[in-house]
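Q: Just dropping this structure here.
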Amino acid sequence: MNYLLPGHESLERMQLLINEFTKMNSEPQKNALIEHYVNGLPVERAAARFGIEVSNLVRAQERLEQVASNIEKVKELDWARFGYSSNSNQLSDNKTVSAS
């Protein structure tokens with residue numbers, strides 16, 4: 001499952017994911033990922049724009065998707081802890097909502 005949507009991610013989110021949760025050192029690779037996920041440039045064009053191989057960019061995408069997946073798993077655990085489920089927007093059966 002893909003957690004990152006090309007052209008729909010914020011710059012701040014992508015910078016945080018790349019800089020804090022990966023060990024990527026290649027600035028062209030980082031810039032190509034940002035161009036792809038923030039501005040929606042296709043992978044092939046982003047790679048060409050920053051002078052890197054498409055295969056290297058795809059590999060970086062796979063790593064970034066794994067990071068995003070791990071973050072989502074942690075978020076799911078946090079939500080479950082408070083009785084919420086990602087499958088519905090309601091509290092689970094073991095929690096009740098008090099009227100204010």
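By order in the structure tokens, chains are A, B, ...; within a chain, residues start at 1; ligands start at 1, following the order shown.
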Would you kindly return, as a PyMOL selection string, each protein, DNA or RNA residue with an atom no farther than 9 Å from any atom of A:Tyr3, considering only C-alpha atoms and excluding same-chain residues fewer than 3 positions away?

A: chain A and resi 65-66+68-69+72

Q: Please produce a file of those selected residues containing N, CA, C and O atoms, as a PDB file, in the first residue's frame.

A:
```pdb
ATOM      1  N   GLU A  65       8.440   5.058   1.304  1.00  0.00           N
ATOM      2  CA  GLU A  65       7.138   4.422   1.538  1.00  0.00           C
ATOM      3  C   GLU A  65       7.197   3.509   2.764  1.00  0.00           C
ATOM      4  O   GLU A  65       6.242   3.444   3.536  1.00  0.00           O
ATOM      5  N   GLN A  66       8.313   2.822   2.961  1.00  0.00           N
ATOM      6  CA  GLN A  66       8.468   1.968   4.143  1.00  0.00           C
ATOM      7  C   GLN A  66       8.468   2.803   5.417  1.00  0.00           C
ATOM      8  O   GLN A  66       7.847   2.439   6.406  1.00  0.00           O
ATOM      9  N   ALA A  68       7.012   5.745   5.767  1.00  0.00           N
ATOM     10  CA  ALA A  68       5.638   6.222   5.932  1.00  0.00           C
ATOM     11  C   ALA A  68       4.750   5.114   6.470  1.00  0.00           C
ATOM     12  O   ALA A  68       3.892   5.353   7.328  1.00  0.00           O
ATOM     13  N   SER A  69       4.961   3.893   6.015  1.00  0.00           N
ATOM     14  CA  SER A  69       4.201   2.745   6.501  1.00  0.00           C
ATOM     15  C   SER A  69       4.439   2.527   7.986  1.00  0.00           C
ATOM     16  O   SER A  69       3.495   2.307   8.760  1.00  0.00           O
ATOM     17  N   GLU A  72       2.647   5.132   9.992  1.00  0.00           N
ATOM     18  CA  GLU A  72       1.208   4.858  10.036  1.00  0.00           C
ATOM     19  C   GLU A  72       0.884   3.734  11.018  1.00  0.00           C
ATOM     20  O   GLU A  72      -0.134   3.775  11.700  1.00  0.00           O
TER      21      GLU A  72
END
```

Q: Grab the atom CA of A:Gly7 to atom CA of A:Glu35 distance for me, in Å with one decimal place.

A: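 For atom CA of A:Gly7 relative to atom CA of A:Glu35, the distance reads 8.2 Å.
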
Q: Residues of stretch 38-63 of chain A within 7 Å of stretch 14-32 of chain A: nearest atom pair and distance (Å, one decimal) for each, counting only C-alpha atoms, sorted by chain and number, as a Markdown table?

A:
```
| residue | atom | partner | partner_atom | distance |
| --- | --- | --- | --- | --- |
| A:Ala46 | CA | A:Ala32 | CA | 5.0 |
| A:Ala47 | CA | A:Ala32 | CA | 6.0 |
| A:Phe50 | CA | A:Pro28 | CA | 5.3 |
| A:Leu57 | CA | A:Gln29 | CA | 6.4 |
```

Q: Near A:Val54, counting only C-alpha atoms, which residues have an atom at most 9 Å away, once you skip same-chain residues fewer than 4 positions from it, shown as a list in words?

A: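 Residues meeting the cut-off are Val43, Glu44, Arg45, Ala46, Ala47, Ala48, Val58 and Arg59 of chain A.
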
Q: Could you pull out the helix (DSSP H, G or I) residues of chain A from DSSP and send them as a ChimeraX atom specification?

A: /A:11-21,27-39,43-49,54-81

Q: Just the residues within 9 Å of A:Pro6, please, counting only C-alpha atoms, with nothing from its chain fewer than 5 positions along; format it as a PDB file with N, CA and C atoms, in the first residue's frame.

A:
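Done, and the output landed in selection27.pdb:
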```pdb
ATOM      1  N   GLU A  35      10.152  16.975  -5.424  1.00  0.00           N
ATOM      2  CA  GLU A  35       9.509  17.417  -6.668  1.00  0.00           C
ATOM      3  C   GLU A  35       8.370  16.472  -7.060  1.00  0.00           C
ATOM      4  N   HIS A  36       8.587  15.189  -6.867  1.00  0.00           N
ATOM      5  CA  HIS A  36       7.583  14.185  -7.211  1.00  0.00           C
ATOM      6  C   HIS A  36       6.384  14.236  -6.263  1.00  0.00           C
ATOM      7  N   TYR A  37       6.643  14.204  -4.975  1.00  0.00           N
ATOM      8  CA  TYR A  37       5.549  14.108  -4.008  1.00  0.00           C
ATOM      9  C   TYR A  37       4.868  15.438  -3.697  1.00  0.00           C
ATOM     10  N   VAL A  38       5.574  16.529  -3.800  1.00  0.00           N
ATOM     11  CA  VAL A  38       4.973  17.828  -3.498  1.00  0.00           C
ATOM     12  C   VAL A  38       4.356  18.445  -4.752  1.00  0.00           C
ATOM     13  N   ASN A  39       5.093  18.422  -5.848  1.00  0.00           N
ATOM     14  CA  ASN A  39       4.636  19.094  -7.067  1.00  0.00           C
ATOM     15  C   ASN A  39       4.032  18.154  -8.107  1.00  0.00           C
ATOM     16  N   GLY A  40       4.151  16.850  -7.891  1.00  0.00           N
ATOM     17  CA  GLY A  40       3.516  15.884  -8.785  1.00  0.00           C
ATOM     18  C   GLY A  40       4.259  15.588 -10.074  1.00  0.00           C
ATOM     19  N   LEU A  41       5.516  15.952 -10.160  1.00  0.00           N
ATOM     20  CA  LEU A  41       6.295  15.644 -11.359  1.00  0.00           C
ATOM     21  C   LEU A  41       6.478  14.134 -11.452  1.00  0.00           C
ATOM     22  N   PRO A  42       6.214  13.540 -12.623  1.00  0.00           N
ATOM     23  CA  PRO A  42       6.405  12.088 -12.752  1.00  0.00           C
ATOM     24  C   PRO A  42       7.834  11.671 -12.395  1.00  0.00           C
TER      25      PRO A  42
END
```
